[in-house]
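*Asks:* For reference, this is structure_37.txt, and it has compact mmCIF, C-alpha atoms and all ligand atoms.
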# COMPACT_ATOMS: atom_id res chain seq x y z
CA MET A 15 32.05 -8.66 -27.10
CA HIS A 16 30.53 -11.31 -24.88
CA CYS A 17 27.21 -13.05 -24.38
CA LEU A 18 24.96 -11.24 -21.89
CA ASP A 19 23.56 -14.50 -20.56
CA CYS A 20 26.69 -16.60 -20.06
CA GLY A 21 29.77 -14.43 -20.77
CA TYR A 22 30.96 -16.53 -23.71
CA SER A 23 33.22 -14.63 -26.13
CA LEU A 24 31.30 -13.84 -29.29
CA HIS A 25 34.25 -12.62 -31.33
CA GLU A 26 34.66 -14.00 -34.81
CA LEU A 27 31.42 -15.89 -34.79
CA THR A 28 29.61 -16.19 -38.08
CA LYS A 29 26.21 -17.02 -36.58
CA HIS A 30 24.31 -14.52 -34.47
CA ARG A 31 23.68 -16.99 -31.72
CA CYS A 32 25.81 -17.80 -28.67
CA PRO A 33 27.20 -21.35 -29.14
CA GLU A 34 27.29 -21.79 -25.36
CA CYS A 35 23.74 -20.89 -24.31
CA GLY A 36 21.91 -20.08 -27.52
CA ARG A 37 21.20 -16.42 -26.78
CA VAL A 38 20.65 -14.45 -29.97
CA PHE A 39 22.69 -11.29 -30.54
CA ASP A 40 23.11 -8.68 -33.21
CA LEU A 41 26.50 -7.27 -34.15
CA MET A 42 24.95 -3.89 -34.91
CA ASP A 43 23.02 -3.69 -31.64
CA ARG A 44 25.38 -2.90 -28.78
CA ARG A 45 22.63 -3.76 -26.33
CA SER A 46 22.52 -7.39 -27.40
CA TRP A 47 26.06 -8.14 -26.12
CA GLY A 48 28.34 -6.87 -23.38
CA THR A 49 31.70 -7.07 -21.63
CA ALA A 50 33.13 -10.31 -20.27
CA GLN A 51 31.73 -9.54 -16.80
CA ALA A 52 28.39 -8.02 -17.74
CA PHE A 53 26.43 -11.28 -17.56
CA ARG A 54 27.28 -11.61 -13.86
CA PHE A 55 25.08 -8.61 -13.09
CA LYS A 56 22.01 -10.05 -14.74
CA THR A 57 20.78 -12.35 -12.00
CA PRO A 58 21.32 -9.95 -9.06
CA ALA A 59 19.65 -7.22 -11.11
CA LYS A 60 16.69 -9.48 -11.81
CA ILE A 61 16.29 -10.52 -8.17
CA ALA A 62 16.68 -6.94 -6.94
CA GLY A 63 14.13 -5.83 -9.54
CA TRP A 64 11.58 -8.33 -8.23
CA ILE A 65 12.23 -7.23 -4.64
CA ALA A 66 11.85 -3.58 -5.62
CA LEU A 67 8.53 -4.55 -7.18
CA PHE A 68 7.17 -6.75 -4.41
CA ILE A 69 7.84 -4.30 -1.58
CA PRO A 70 5.42 -1.65 -2.91
CA VAL A 71 2.89 -4.34 -3.89
CA LEU A 72 2.86 -5.82 -0.37
CA LEU A 73 2.91 -2.34 1.12
CA GLY A 74 -0.06 -1.34 -1.05
CA ILE A 75 -2.07 -4.33 0.17
CA TYR A 76 -1.08 -3.72 3.79
CA ILE A 77 -1.98 -0.03 3.71
CA THR A 78 -5.28 -0.70 1.91
CA VAL A 79 -6.36 -3.29 4.49
CA GLN A 80 -5.26 -1.17 7.45
CA MET A 81 -7.09 1.87 6.10
CA ALA A 82 -10.25 -0.15 5.45
CA TRP A 83 -10.05 -1.40 9.05
CA GLY A 84 -10.12 2.18 10.22
CA GLN A 85 -6.50 2.66 11.24
CA ASP A 86 -5.29 6.23 11.04
CA ASP A 87 -4.42 6.58 7.38
CA TRP A 88 -1.47 8.96 7.41
CA THR A 89 0.14 7.20 10.35
CA ILE A 90 -0.10 3.89 8.47
CA VAL A 91 1.34 5.35 5.26
CA VAL A 92 4.27 7.04 7.01
CA PHE A 93 4.98 4.04 9.26
CA ALA A 94 4.87 1.52 6.39
CA TRP A 95 7.11 3.58 4.11
CA MET A 96 9.57 4.30 6.92
CA LEU A 97 10.04 0.56 7.36
CA ALA A 98 10.06 -0.36 3.68
CA GLY A 99 11.61 2.70 2.07
CA ILE A 100 15.28 1.89 2.69
CA PRO A 101 15.22 -1.79 1.60
CA MET A 102 13.25 -0.77 -1.44
CA ALA A 103 15.70 2.01 -2.34
CA ILE A 104 18.59 -0.46 -2.00
CA ALA A 105 16.84 -3.04 -4.19
CA ALA A 106 16.01 -0.40 -6.79
CA ALA A 107 19.62 0.85 -6.79
CA ILE A 108 20.96 -2.70 -7.33
CA TRP A 109 18.42 -3.24 -10.08
CA LEU A 110 19.23 0.00 -11.88
CA SER A 111 23.00 -0.46 -11.64
CA GLY A 112 22.58 -4.05 -12.87
CA LEU A 113 20.65 -2.73 -15.84
CA ALA A 114 23.40 -0.20 -16.49
CA MET A 115 26.12 -2.87 -16.27
CA THR A 116 24.33 -5.12 -18.73
CA LYS A 117 23.40 -2.19 -20.95
CA THR A 118 19.75 -3.03 -20.64
CA ASP A 119 16.86 -0.60 -20.50
CA ALA A 120 14.13 -1.14 -17.96
CA SER A 121 11.56 -3.27 -19.75
CA LYS A 122 8.32 -1.70 -20.90
CA ARG A 123 6.55 -3.97 -18.46
CA ALA A 124 8.68 -2.75 -15.53
CA THR A 125 7.99 0.85 -16.53
CA VAL A 126 4.23 0.26 -16.72
CA ILE A 127 4.16 -1.62 -13.40
CA GLY A 128 6.23 1.12 -11.74
CA PHE A 129 3.87 3.75 -13.06
CA LEU A 130 0.77 1.85 -11.92
CA LEU A 131 2.24 1.27 -8.45
CA THR A 132 3.06 4.95 -8.13
CA VAL A 133 -0.48 5.91 -9.14
CA PHE A 134 -1.92 3.33 -6.72
CA HIS A 135 0.16 4.59 -3.78
CA LEU A 136 -0.64 8.22 -4.54
CA GLY A 137 -4.29 7.18 -4.79
CA LEU A 138 -4.12 5.76 -1.25
CA LEU A 139 -3.54 9.30 -0.03
CA SER A 140 -7.17 9.97 -0.94
CA GLU A 141 -8.05 7.44 1.82
CA TRP A 142 -10.39 5.60 -0.51
CA PRO A 143 -10.17 2.26 1.40
CA ILE A 144 -11.95 3.63 4.46
CA HIS A 145 -14.61 5.25 2.29
CA ALA A 146 -15.07 2.03 0.29
CA ALA A 147 -15.24 -0.15 3.41
CA PHE A 148 -17.68 2.26 5.00
CA ALA A 149 -19.88 2.39 1.88
CA ILE A 150 -20.10 -1.41 1.86
CA HIS A 151 -21.03 -1.61 5.55
CA ARG A 152 -23.03 1.59 5.94
CA ASP A 153 -26.43 -0.13 6.30
CA ALA A 154 -25.15 -2.55 8.92
CA LEU A 155 -23.47 0.31 10.78
CA ASN A 156 -26.71 2.26 10.80
CA ARG A 157 -28.50 -0.75 12.31
CA GLN A 158 -25.67 -1.00 14.83
CA ALA A 159 -26.10 2.65 15.83
CA GLN A 160 -29.81 1.94 16.27
CA ARG A 161 -29.08 -0.98 18.60
CA VAL A 162 -26.70 1.06 20.72
CA ASN A 163 -29.23 3.87 20.88
CA THR A 164 -31.85 1.52 22.29
CA GLY A 165 -29.42 0.33 24.97
CA LYS A 166 -28.31 -2.98 23.48
CA SER A 167 -24.71 -4.05 23.98
CA VAL A 168 -22.46 -4.64 20.97
CA SER A 169 -19.03 -4.69 22.58
CA GLY A 170 -16.28 -7.29 22.16
CA TRP A 171 -17.51 -8.50 18.85
CA TYR A 172 -16.16 -9.07 15.37
CA TRP A 173 -18.45 -7.75 12.78
CA LYS A 174 -18.52 -8.33 9.05
CA ASP A 175 -14.78 -9.19 9.09
CA ILE A 176 -13.93 -5.51 8.81
CA TYR A 177 -14.61 -3.58 11.98
CA ARG A 178 -13.88 -4.91 15.39
CA ILE A 179 -16.01 -3.10 17.86
CA TYR A 180 -14.26 -2.88 21.23
CA SER A 181 -16.88 -0.76 22.89
CA ALA A 182 -20.04 1.11 22.08
CA ARG A 183 -21.64 4.01 23.89
CA THR A 184 -23.99 6.90 23.43
CA ALA A 185 -23.24 10.55 24.06
CA GLN A 186 -25.47 13.59 24.39
CA THR A 187 -24.54 16.28 21.92
CA SER A 188 -24.77 19.99 22.63
CA ASN A 189 -28.04 20.25 20.74
CA GLY A 190 -29.66 17.50 22.79
CA ALA A 191 -29.44 14.74 20.20
CA THR A 192 -27.92 11.34 20.94
CA ALA A 193 -24.71 10.36 19.21
CA VAL A 194 -23.32 6.82 19.02
CA ILE A 195 -19.60 6.12 19.44
CA LEU A 196 -18.18 2.77 18.31
CA GLN A 197 -14.56 2.14 19.20
CA ILE A 198 -13.01 0.14 16.33
CA GLY A 199 -9.29 0.40 17.10
CA GLN A 200 -7.10 0.17 20.19
CA GLY A 201 -3.58 1.16 20.97
CA ALA A 202 -1.82 4.45 21.41
CA GLY A 203 -4.43 6.32 19.37
CA PRO A 204 -7.84 4.62 19.51
CA ASP A 205 -10.12 4.85 16.48
CA TYR A 206 -13.87 5.47 16.51
CA LEU A 207 -16.82 5.45 14.18
CA VAL A 208 -19.12 8.19 15.38
CA TYR A 209 -22.77 8.57 14.42
CA GLY A 210 -24.68 11.81 14.74
CA MET A 211 -22.13 14.52 15.56
CA THR A 212 -21.17 17.68 13.73
CA ASP A 213 -17.53 18.49 12.99
CA GLN A 214 -17.59 20.95 15.89
CA GLN A 215 -18.98 18.38 18.31
CA ILE A 216 -16.35 15.87 17.18
CA GLU A 217 -13.59 18.38 17.85
CA SER A 218 -14.84 19.15 21.35
CA SER A 219 -15.61 15.53 22.31
CA PHE A 220 -12.35 13.79 21.38
CA ASN A 221 -8.64 14.21 21.88
CA ILE A 222 -8.30 14.56 18.11
CA TRP A 223 -5.40 13.26 16.07
CA SER A 224 -7.42 13.40 12.87
CA TYR A 225 -10.98 12.80 11.70
CA ARG A 226 -12.91 12.48 8.44
CA ARG A 227 -16.52 12.81 7.57
CA LEU A 228 -17.73 9.61 5.90
CA ASP A 229 -21.30 10.68 5.15
CA PRO A 230 -23.85 13.12 6.65
CA ASP A 231 -24.23 10.91 9.75
CA TRP A 232 -20.86 9.25 10.28
CA HIS A 233 -17.31 10.32 11.06
CA ILE A 234 -14.18 8.29 11.57
CA VAL A 235 -12.12 9.70 14.42
CA HIS A 236 -8.51 8.95 15.36
CA GLU A 237 -7.47 10.03 18.84
CA ASP A 238 -4.04 11.22 19.78
ZN ZN B 301 25.72 -17.32 -24.05
Please lay out the structure from this file as C-alpha cells.
*Replies:*
Amino acid sequence: MHCLDCGYSLHELTKHRCPECGRVFDLMDRRSWGTAQAFRFKTPAKIAGWIALFIPVLLGIYITVQMAWGQDDWTIVVFAWMLAGIPMAIAAAIWLSGLAMTKTDASKRATVIGFLLTVFHLGLLSEWPIHAAFAIHRDALNRQAQRVNTGKSVSGWYWKDIYRIYSARTAQTSNGATAVILQIGQGAGPDYLVYGMTDQQIESSFNIWSYRRLDPDWHIVHED
C-alpha cells in the first residue's frame, strides 16, 4: 500500500493523507493507493496521454485546412493518418498501460475528448471543409468565373487566403456552353474548381482521380 503520487509507504498510517506529498487516500478504495512502483508510471502515462490527444487534434486541424484549400480529401486523410497513426497508437498504448499500472480509470474528461475527436474525424469524411470554404467564397468565385469568361487573366494570384489560382481557362462544353476551369492545386494530382460542366462533361474532360459537385454550377475536380 503506497502513495500513487510519490510511492511513500502508507501502511499503519492513522490519517488518510500521505505524509510525504499530501495526497489523500482511502483505505477502502483500492484505486486511491497502489504498489511501491505504481507512482513511477504516472508521469509517463500523463505525457503519453497528452501526446495521444494532441496528435488527433493537430491532425484534425491539418486535414480541415487542407480540405478547405481544395486538396483531394481522401488522399489527405489517408496520408495524414498513415504518418500519425503509429506514433499515436504507441502513445495511446503507453497511456493505457500507465493507467492500468496505477489502477486509474481514464478520466471522464479524457473519455469525452476522445469521443468528440472521433466524431470530428469521422465528420471530416463528409468533406464538409471544402463545402464550407466554397459556400463562404461562392460569390467571389462566381465573379471570378465571369472575369475569366470575358477574357481577363486571373492566374498566379492569391485570393481570399483560401484558394490559390495557378491558372484559369475556358473550355467549350459538348452543348456549346462555356465552362471555366480554375486550377487551385499543383503537384502529382492537380486540383480544379470548374464552373459550368455536367458530371458527364467533367468525366470526359479530366483525368479524374475524384470529383464532387459543390453546387449546381461548380465542381471540385482532383486529377490523377
Ligand atoms: Zn505521497
*Asks:* Would you pick out the contacts of segment 53-64 of chain A at 8 Å or less, using all atoms listed in the file, so that residues sharing its chain but fewer than 6 positions from it are not included, and give the list as a VMD selection string?
*Replies:* chain A and resid 17 to 21 105 to 106 108 to 113 115 to 116
*Asks:* Go through A:His25, A:Gly48, A:Arg37, A:His30 and flag the residue nearest ligand ZN 301 (chain B), using all atoms listed in the file for the distances.
*Replies:* A:Arg37
*Asks:* How far is it from atom CA of Val79 of chain A to atom CA of Ile234 of chain A, in Å with one decimal?
*Replies:* 15.7 Å
*Asks:* Between atom CA of Asp87 of chain A and atom CA of Ser140 of chain A, what is the spacing in Å?
*Replies:* 9.4 Å
*Asks:* Counting only C-alpha atoms, which residue out of A:Ile69, A:Tyr22, A:Ile127, A:Tyr206 sits closest to Gly36 of chain A?
*Replies:*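 Of A:Ile69, A:Tyr22, A:Ile127, A:Tyr206, the one nearest Gly36 of chain A is A:Tyr22, counting only C-alpha atoms.
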*Asks:* Could you give me, as a list of chain:residue names, the residues within 10 Å of Leu155 of chain A, counting all atoms listed in the file and dropping anything in the same chain fewer than 6 positions from it?
*Replies:*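 The neighbour list is A:Phe148, A:Ala149, A:Arg161, A:Trp173, A:Tyr177, A:Leu196, A:Leu207, A:Tyr209, A:Trp232.
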*Asks:* For Glu141 of chain A, which residue among A:Val91, A:Phe220, A:Ile75, A:Phe68 is the nearest when counting only C-alpha atoms?
*Replies:*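 For Glu141 of chain A, the nearest of the given residues is A:Val91.
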*Asks:* Which is closest to ligand ZN 301 (chain B) among A:Met15, A:Ala82, A:Val208, A:Cys35, if we use only C-alpha atoms and all ligand atoms?
*Replies:*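 Counting only C-alpha atoms and all ligand atoms, the residue closest to ligand ZN 301 (chain B) is A:Cys35.
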*Asks:* Out of A:Thr192, A:Ser218, A:Thr28, A:Ser46, which residue has the shortest atom-to-atom distance to ligand ZN 301 (chain B) when counting all atoms listed in the file?
*Replies:*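 Using all atoms listed in the file, ligand ZN 301 (chain B) sits closest to A:Ser46.
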*Asks:* Can you find the residues with an atom no farther than 12 Å from (-16.5, 1.3, 19.3), counting only C-alpha atoms, and report them as an NGL selection string?
*Replies:* :A and (84 or 155 or 158-159 or 162 or 167-173 or 177-184 or 194-200 or 204-209 or 234-236)
*Asks:* May I have the selected residues written with C-alpha atoms, as a tab-separated table (two decimals), in the frame of the given file?
*Replies:*
chain	number	residue	atom	x	y	z
A	84	GLY	CA	-10.12	2.18	10.22
A	155	LEU	CA	-23.47	0.31	10.78
A	158	GLN	CA	-25.67	-1.00	14.83
A	159	ALA	CA	-26.10	2.65	15.83
A	162	VAL	CA	-26.70	1.06	20.72
A	167	SER	CA	-24.71	-4.05	23.98
A	168	VAL	CA	-22.46	-4.64	20.97
A	169	SER	CA	-19.03	-4.69	22.58
A	170	GLY	CA	-16.28	-7.29	22.16
A	171	TRP	CA	-17.51	-8.50	18.85
A	172	TYR	CA	-16.16	-9.07	15.37
A	173	TRP	CA	-18.45	-7.75	12.78
A	177	TYR	CA	-14.61	-3.58	11.98
A	178	ARG	CA	-13.88	-4.91	15.39
A	179	ILE	CA	-16.01	-3.10	17.86
A	180	TYR	CA	-14.26	-2.88	21.23
A	181	SER	CA	-16.88	-0.76	22.89
A	182	ALA	CA	-20.04	1.11	22.08
A	183	ARG	CA	-21.64	4.01	23.89
A	184	THR	CA	-23.99	6.90	23.43
A	194	VAL	CA	-23.32	6.82	19.02
A	195	ILE	CA	-19.60	6.12	19.44
A	196	LEU	CA	-18.18	2.77	18.31
A	197	GLN	CA	-14.56	2.14	19.20
A	198	ILE	CA	-13.01	0.14	16.33
A	199	GLY	CA	-9.29	0.40	17.10
A	200	GLN	CA	-7.10	0.17	20.19
A	204	PRO	CA	-7.84	4.62	19.51
A	205	ASP	CA	-10.12	4.85	16.48
A	206	TYR	CA	-13.87	5.47	16.51
A	207	LEU	CA	-16.82	5.45	14.18
A	208	VAL	CA	-19.12	8.19	15.38
A	209	TYR	CA	-22.77	8.57	14.42
A	234	ILE	CA	-14.18	8.29	11.57
A	235	VAL	CA	-12.12	9.70	14.42
A	236	HIS	CA	-8.51	8.95	15.36
*Asks:* Of the candidates A:Leu73, A:Cys32, A:Asp229, A:His16, which shows the shortest atom-to-atom distance to ligand ZN 301 (chain B), using all atoms listed in the file?
*Replies:*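 For ligand ZN 301 (chain B), the nearest of the candidates is A:Cys32.
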*Asks:* Do a neighbour search on Ala147 of chain A at 8 Å with all atoms listed in the file, toss out local chain neighbours closer than 4 positions, and write the hits as a PyMOL selection string.
*Replies:* chain A and resi 82-83+143+151+176
*Asks:* Just write the chosen residues, C-alpha atoms, as a short mmCIF file (atom, residue, chain, number, x, y, z; two decimals), in the coordinates of the input.
*Replies:*
data_model
loop_
_atom_site.label_atom_id
_atom_site.label_comp_id
_atom_site.auth_asym_id
_atom_site.auth_seq_id
_atom_site.Cartn_x
_atom_site.Cartn_y
_atom_site.Cartn_z
CA ALA A 82 -10.25 -0.15 5.45
CA TRP A 83 -10.05 -1.40 9.05
CA PRO A 143 -10.17 2.26 1.40
CA HIS A 151 -21.03 -1.61 5.55
CA ILE A 176 -13.93 -5.51 8.81
#
*Asks:* Work out how far apart atom CA of Asn221 of chain A and atom CA of Gln186 of chain A are and give it in Å to one decimal.
*Replies:*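 Going from atom CA of Asn221 of chain A over to atom CA of Gln186 of chain A, I get 17.0 Å.
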